[in-house]
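**Student:** First the structure, then my questions, so here it is.
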2 protein chains.
Amino acid sequence: MNEVFVLAQGGGPTAVINATVAGAALEARRRYPGAKVLGARHGVRGVRKGDFIDLSALSDGDLHLLAATPNAALGSTRDKPDEKYCADILESLKRVSATAFIYIGGNDTAGTQQILDTAAGGKIACIHAPKTIDNDLVENDHTPGYISAAWFVASAFRSIDLDFRAMTGIYVAVVMGRHAGFLSAAGAAWRRDESDGPHILCLPERPFSTKQFLEDVGRVHARYGRCIVAMSEGVAGADGKSVVESLLGDRVERDAHGNVRLGGGDLGLAVQSAINEAFPKVRSRVDTFGYLPRAFGTMIGEVDRQEAFDAGTFAVATASDGSASISLTFKGGETILRRLPLSYVAGKTRLMPKEFVAPSGTELSDAGMAYLSRLVPKAPEIMRPLI
Amino acid sequence: MNEVFVLAQGGGPTAVINATVAGAALEARRRYPGAKVLGARHGVRGVRKGDFIDLSALSDGDLHLLAATPNAALGSTRDKPDEKYCADILESLKRVSATAFIYIGGNDTAGTQQILDTAAGGKIACIHAPKTIDNDLVENDHTPGYISAAWFVASAFRSIDLDFRAMTGIYVAVVMGRHAGFLSAAGAAWRRDESDGPHILCLPERPFSTKQFLEDVGRVHARYGRCIVAMSEGVAGADGKSVVESLLGDRVERDAHGNVRLGGGDLGLAVQSAINEAFPKVRSRVDTFGYLPRAFGTMIGEVDRQEAFDAGTFAVATASDGSASISLTFKGGETILRRLPLSYVAGKTRLMPKEFVAPSGTELSDAGMAYLSRLVPKAPEIMRPLI
């Protein structure tokens, strides 16, 4: 029997999502000579339409080049298939005699695979391969994509901190992260001591109060002559409402799923106003990092790429065992891959563990710093502060 | 007679401004054993106050580490000294028996040196060492700091273009550059053909019209399914008014010099509104790169660092010839350093040469691409587009 693997990429791109595709395609070629590997254009949208690229036609060299290429080379989608959509997908998969469907993405992707698995009745292995810069998949120590994005954010905050040593003031960067603060927290990865920024983390896991925030900023600024803040775009008040929503009221924008549109600059502008009002004489700046951290092609973590590649290899190597979610577990000092039931991961969100955050709620604990230090590539050595 | 060199850093930091300090300090040590090298804290502000760091006390190893450290380690300032301020500076320089004052910065810095040179009457060599990510110094082929910032911007647009291949839509990034479009133009450095973004450059050298802009965006989007734009923060209408100013009217913010405050997110938000209105059904995103490109510590161009270092060495090596502006000239296939009268550079702004821009005004000509290709580090190899 000829194996037919269908691969698709879902959700926001990362620096290493193509490595998972390449790992899977190369393993299929090695393990099942003559196997067909089809890549769907734009995720499940392409699967439904039968819009496939024949990855079997690519040379080994091309596939290794693909593994080194950032962003989603097959194209991606934000579609969240319902049961009808899933039935269409299944039809299309059957039409190409798929033996396995490997869908690379976050917890929504695992959810889609769960629906498909039930509908397929064991005839097609529905495998979720993990990917998200948000690092918010349960049952995973960390997820492919996070390390590279975290590296960018750590580097950005190191640079910004030096910038504000040179010319003092207040700086806030809004960083991606709707529910989980892992990516903002990564800004702290290269702190050497408490004088280094970011001095304040505003994480979605902790209720945000503008009053408390401005007090904290004032205290840090008085102490160091500067205050650097990493703020997750999803910060929310004690009422659970996102700050953007509270600030904009009815004018808030929503996506097709009814989720409040975050990170588009609105939060940044609102924070800038609040800071201008509270500290009118202080130089201040609010930047929104936007899309830059998620797949910055010049900063692809070597470990990140290898783990993403291995996840693809593992998905194909174990496809004959049926549907599963592939997870990255940290055990015995190393990251290992495991197969878990899709239901363990689907639709669930992993938040920053409480023990990663210091009692203040705005800095990391030693455990949080140790976690980052294990994952994020090391900082370049720089001169100690002269001023 | 003992040589005493005073060094200062002015204006916005760059990834390599410390290399100029290190080059100067090491050359002073080599050429004039026993020479004193003083670094002023926060530019002319520190000179005036007599607030100095004794750089002579640093080891060679420390100075080489300083050369590899991004941002202005001595601290910087936006102060533009008038004659009175300059008289105070001169007093302070005399108090420490300075034989040369090397001030690293842009055209304002050259202007300050011009005032000081006149007042000093030849007793102190007033030397301007070039530095600006804007690349807007006349008589320079390019300026230290530009290459590294351009590298970041080129890499960012490569990543963004791949991002919007994966999920289609319209993207605009606002990039630093008040009068000169060199940094936005750098976004195009890694384009392979006209399908690669950025498809549209909005340069301050060309009058901006919102109507024309939206037409251009619509045309590109219809053709490629996406449109990527690099917009200089200083874009201005045919009336010469910056777009931010036209949009905000009286609400526009100004700095201490009366310059309109740019790049703080306002322009981005205004552009986002215009795009939302013109293309209500298209995914769109406007990011403001903000401070990230100017001194991103993980992307320091090796050539950039060496040239900045050499500028410092050259400043000290030729200080006995008196006051000058150091310039980087491209001649016979290589970059060479020259000494020019301060008046050649002071207060003047170099714009993008007309021949660097294609007739459309929104893309680079072959000459513009060749210029970038000579300066910006090469792009990592990536897979050809699959979709």
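The chains in the structure tokens are called A, B, ... from first to last as shown; in each chain the residues are counted from 1, and the ligands are counted from 1 in the order shown.
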Sorted by chain and rising residue number, which residues of range 17-89 of chain A lie within 9 Å of range 117-141 of chain A, and what are their closest atom pairs and distances in Å to one decimal, counting only C-alpha atoms, as CSV?
**Tutor:**
```
residue,atom,partner,partner_atom,distance
A:Ile17,CA,A:Lys131,CA,6.8
A:Thr20,CA,A:Ala129,CA,7.9
A:Glu83,CA,A:Ala119,CA,8.9
A:Cys86,CA,A:Ala119,CA,8.2
A:Ala87,CA,A:Ala119,CA,7.5
```
**Student:** Filtering to N, CA and C atoms, could you give me those residues as a PDB file, in the first residue's frame?
**Tutor:**
```
ATOM      1  N   ILE A  17       8.448  26.905  11.139  1.00  0.00           N
ATOM      2  CA  ILE A  17       7.339  26.002  10.804  1.00  0.00           C
ATOM      3  C   ILE A  17       7.655  25.208   9.534  1.00  0.00           C
ATOM      4  N   THR A  20       9.371  21.784  10.094  1.00  0.00           N
ATOM      5  CA  THR A  20       8.512  20.639  10.395  1.00  0.00           C
ATOM      6  C   THR A  20       8.039  19.970   9.104  1.00  0.00           C
ATOM      7  N   GLU A  83     -17.909  21.417  11.853  1.00  0.00           N
ATOM      8  CA  GLU A  83     -18.106  20.010  11.454  1.00  0.00           C
ATOM      9  C   GLU A  83     -18.308  19.863   9.938  1.00  0.00           C
ATOM     10  N   CYS A  86     -15.105  20.336   8.235  1.00  0.00           N
ATOM     11  CA  CYS A  86     -14.282  19.143   8.470  1.00  0.00           C
ATOM     12  C   CYS A  86     -14.719  17.981   7.564  1.00  0.00           C
ATOM     13  N   ALA A  87     -16.008  17.880   7.340  1.00  0.00           N
ATOM     14  CA  ALA A  87     -16.501  16.822   6.437  1.00  0.00           C
ATOM     15  C   ALA A  87     -15.943  17.026   5.031  1.00  0.00           C
TER      16      ALA A  87
END
```
**Student:** Any idea what's packed within 9 Å of Glu3 in chain A, counting only C-alpha atoms, ignoring anything in its chain fewer than 4 positions away? Could you give it as a list in words?
**Tutor:** Ala28, Tyr32, Gly34, Ala35, Lys36, Val37, Ser97, Ala98, Thr99 and Ala100 of chain A
**Student:** Next, write the just-selected residues to a file, as a short mmCIF file (atom, residue, chain, number, x, y, z; two decimals), in the first residue's frame, keeping C-alpha atoms as the atom set.
**Tutor:**
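Listed below is the output, result04.cif:
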```
data_model
loop_
_atom_site.label_atom_id
_atom_site.label_comp_id
_atom_site.auth_asym_id
_atom_site.auth_seq_id
_atom_site.Cartn_x
_atom_site.Cartn_y
_atom_site.Cartn_z
CA ALA A 28 8.45 9.98 4.47
CA TYR A 32 8.40 4.83 2.69
CA GLY A 34 7.44 5.90 -3.26
CA ALA A 35 5.30 7.65 -0.67
CA LYS A 36 3.50 10.77 -1.80
CA VAL A 37 3.78 13.96 0.26
CA SER A 97 -6.07 8.50 -0.61
CA ALA A 98 -4.39 10.21 2.34
CA THR A 99 -3.10 7.79 4.96
CA ALA A 100 -2.05 10.59 7.31
#
```
**Student:** Residues within 8 Å of His42 in chain A, please, as a list in words. Count only C-alpha atoms; anything in the same chain fewer than 4 positions from it doesn't count.
**Tutor:**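 My list of contacting residues is Ala8, Gln9, Gly10, Gly46, Leu74, Gly75, Ser76 and Thr77 of chain A; Ala166 and Met167 of chain B.
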**Student:** Using only C-alpha atoms, I'd like a table of the residues in chain A that come within 8 Å of chain B; for each, show the closest atom pair and its distance in Å rounded to one decimal, ordered by chain and ascending number, as JSON lines.
**Tutor:**
```
{"residue": "A:Pro13", "atom": "CA", "partner": "B:Asp163", "partner_atom": "CA", "distance": 6.6}
{"residue": "A:Arg41", "atom": "CA", "partner": "B:Ile387", "partner_atom": "CA", "distance": 6.9}
{"residue": "A:His42", "atom": "CA", "partner": "B:Ala166", "partner_atom": "CA", "distance": 6.9}
{"residue": "A:Ile53", "atom": "CA", "partner": "B:Leu386", "partner_atom": "CA", "distance": 7.7}
{"residue": "A:Asp62", "atom": "CA", "partner": "B:Met383", "partner_atom": "CA", "distance": 7.0}
{"residue": "A:Leu65", "atom": "CA", "partner": "B:Met383", "partner_atom": "CA", "distance": 5.6}
{"residue": "A:Leu66", "atom": "CA", "partner": "B:Met383", "partner_atom": "CA", "distance": 5.2}
{"residue": "A:Ala68", "atom": "CA", "partner": "B:Ile382", "partner_atom": "CA", "distance": 6.7}
{"residue": "A:Thr69", "atom": "CA", "partner": "B:Ile382", "partner_atom": "CA", "distance": 5.0}
{"residue": "A:Pro70", "atom": "CA", "partner": "B:Ser159", "partner_atom": "CA", "distance": 7.4}
{"residue": "A:Asn71", "atom": "CA", "partner": "B:Asp163", "partner_atom": "CA", "distance": 5.9}
{"residue": "A:Ala72", "atom": "CA", "partner": "B:Ala166", "partner_atom": "CA", "distance": 5.5}
{"residue": "A:Ala73", "atom": "CA", "partner": "B:Leu386", "partner_atom": "CA", "distance": 6.3}
{"residue": "A:Leu74", "atom": "CA", "partner": "B:Ile387", "partner_atom": "CA", "distance": 6.3}
{"residue": "A:Gly75", "atom": "CA", "partner": "B:Ala166", "partner_atom": "CA", "distance": 3.7}
{"residue": "A:Ser76", "atom": "CA", "partner": "B:Ala166", "partner_atom": "CA", "distance": 5.1}
{"residue": "A:Thr77", "atom": "CA", "partner": "B:Met167", "partner_atom": "CA", "distance": 6.3}
{"residue": "A:Ser155", "atom": "CA", "partner": "B:Thr298", "partner_atom": "CA", "distance": 6.4}
{"residue": "A:Ala156", "atom": "CA", "partner": "B:Phe296", "partner_atom": "CA", "distance": 6.5}
{"residue": "A:Arg158", "atom": "CA", "partner": "B:Gly297", "partner_atom": "CA", "distance": 7.5}
{"residue": "A:Ser159", "atom": "CA", "partner": "B:Phe296", "partner_atom": "CA", "distance": 5.5}
{"residue": "A:Ile160", "atom": "CA", "partner": "B:Leu292", "partner_atom": "CA", "distance": 7.3}
{"residue": "A:Leu162", "atom": "CA", "partner": "B:Asn71", "partner_atom": "CA", "distance": 6.0}
{"residue": "A:Asp163", "atom": "CA", "partner": "B:Asn71", "partner_atom": "CA", "distance": 5.9}
{"residue": "A:Arg165", "atom": "CA", "partner": "B:Gly75", "partner_atom": "CA", "distance": 6.6}
{"residue": "A:Ala166", "atom": "CA", "partner": "B:Gly75", "partner_atom": "CA", "distance": 3.7}
{"residue": "A:Met167", "atom": "CA", "partner": "B:Ser76", "partner_atom": "CA", "distance": 5.7}
{"residue": "A:Gly264", "atom": "CA", "partner": "B:Arg285", "partner_atom": "CA", "distance": 6.7}
{"residue": "A:Gly265", "atom": "CA", "partner": "B:Leu269", "partner_atom": "CA", "distance": 6.8}
{"residue": "A:Asp266", "atom": "CA", "partner": "B:Leu269", "partner_atom": "CA", "distance": 7.7}
{"residue": "A:Gly268", "atom": "CA", "partner": "B:Gly265", "partner_atom": "CA", "distance": 7.8}
{"residue": "A:Leu269", "atom": "CA", "partner": "B:Gly265", "partner_atom": "CA", "distance": 6.7}
{"residue": "A:Arg285", "atom": "CA", "partner": "B:Gly264", "partner_atom": "CA", "distance": 6.7}
{"residue": "A:Val286", "atom": "CA", "partner": "B:Gly264", "partner_atom": "CA", "distance": 7.0}
{"residue": "A:Asp287", "atom": "CA", "partner": "B:Gly290", "partner_atom": "CA", "distance": 5.8}
{"residue": "A:Thr288", "atom": "CA", "partner": "B:Thr288", "partner_atom": "CA", "distance": 6.7}
{"residue": "A:Phe289", "atom": "CA", "partner": "B:Phe289", "partner_atom": "CA", "distance": 6.9}
{"residue": "A:Gly290", "atom": "CA", "partner": "B:Asp287", "partner_atom": "CA", "distance": 5.9}
{"residue": "A:Tyr291", "atom": "CA", "partner": "B:Ile160", "partner_atom": "CA", "distance": 7.4}
{"residue": "A:Leu292", "atom": "CA", "partner": "B:Ala156", "partner_atom": "CA", "distance": 6.6}
{"residue": "A:Ala295", "atom": "CA", "partner": "B:Ser159", "partner_atom": "CA", "distance": 6.3}
{"residue": "A:Phe296", "atom": "CA", "partner": "B:Ser159", "partner_atom": "CA", "distance": 5.5}
{"residue": "A:Gly297", "atom": "CA", "partner": "B:Ser159", "partner_atom": "CA", "distance": 5.7}
{"residue": "A:Thr298", "atom": "CA", "partner": "B:Ser155", "partner_atom": "CA", "distance": 6.5}
{"residue": "A:Pro380", "atom": "CA", "partner": "B:Thr298", "partner_atom": "CA", "distance": 7.5}
{"residue": "A:Glu381", "atom": "CA", "partner": "B:Leu65", "partner_atom": "CA", "distance": 7.7}
{"residue": "A:Ile382", "atom": "CA", "partner": "B:Thr69", "partner_atom": "CA", "distance": 5.0}
{"residue": "A:Met383", "atom": "CA", "partner": "B:Leu66", "partner_atom": "CA", "distance": 5.2}
{"residue": "A:Pro385", "atom": "CA", "partner": "B:Ala73", "partner_atom": "CA", "distance": 6.9}
{"residue": "A:Leu386", "atom": "CA", "partner": "B:Ala73", "partner_atom": "CA", "distance": 6.3}
{"residue": "A:Ile387", "atom": "CA", "partner": "B:Leu74", "partner_atom": "CA", "distance": 6.3}
```
**Student:** Excluding same-chain residues fewer than 5 positions from Gly301 in chain A, what lies within 9 Å of it counting only C-alpha atoms, as a short mmCIF file (atom, residue, chain, number, x, y, z; two decimals) with N, CA and C atoms, in the first residue's frame?
**Tutor:**
```cif
data_model
loop_
_atom_site.label_atom_id
_atom_site.label_comp_id
_atom_site.auth_asym_id
_atom_site.auth_seq_id
_atom_site.Cartn_x
_atom_site.Cartn_y
_atom_site.Cartn_z
N ALA A 15 9.36 31.22 12.64
CA ALA A 15 10.65 31.15 11.96
C ALA A 15 10.99 29.72 11.54
N VAL A 16 10.30 28.72 12.13
CA VAL A 16 10.73 27.34 11.92
C VAL A 16 9.62 26.39 11.47
N GLY A 145 9.05 27.42 17.44
CA GLY A 145 8.71 28.80 17.09
C GLY A 145 8.96 29.76 18.23
N ILE A 147 11.29 29.68 20.69
CA ILE A 147 12.70 30.01 20.97
C ILE A 147 13.18 31.14 20.06
N SER A 148 12.88 31.05 18.77
CA SER A 148 13.35 32.08 17.84
C SER A 148 12.69 33.42 18.14
N ALA A 149 11.38 33.40 18.38
CA ALA A 149 10.67 34.64 18.68
C ALA A 149 11.19 35.23 20.00
N TRP A 151 14.12 34.86 21.25
CA TRP A 151 15.46 35.38 20.99
C TRP A 151 15.37 36.81 20.47
N GLN A 306 15.91 22.69 14.80
CA GLN A 306 16.10 21.24 14.91
C GLN A 306 14.88 20.59 15.55
N VAL A 376 16.54 30.33 25.59
CA VAL A 376 16.89 31.45 24.70
C VAL A 376 18.40 31.45 24.44
N PRO A 377 18.81 31.58 23.16
CA PRO A 377 20.25 31.65 22.87
C PRO A 377 20.92 32.73 23.72
#
```
**Student:** Write out as a PyMOL selection string all residues of range 132-261 of chain B that backbone DSSP assigns to alpha helix (DSSP H).
**Tutor:** chain B and resi 146-166+182-185+210-224+243-248
**Student:** Tell me which protein, DNA and RNA residues are within 10 Å of range 208-217 of chain A, counting only C-alpha atoms, leaving out same-chain ones fewer than 2 positions away, and put them as a ChimeraX atom specification.
**Tutor:** /A:170-172,199-206,219-223,226-229,235-243,271,274-275,278-279,362
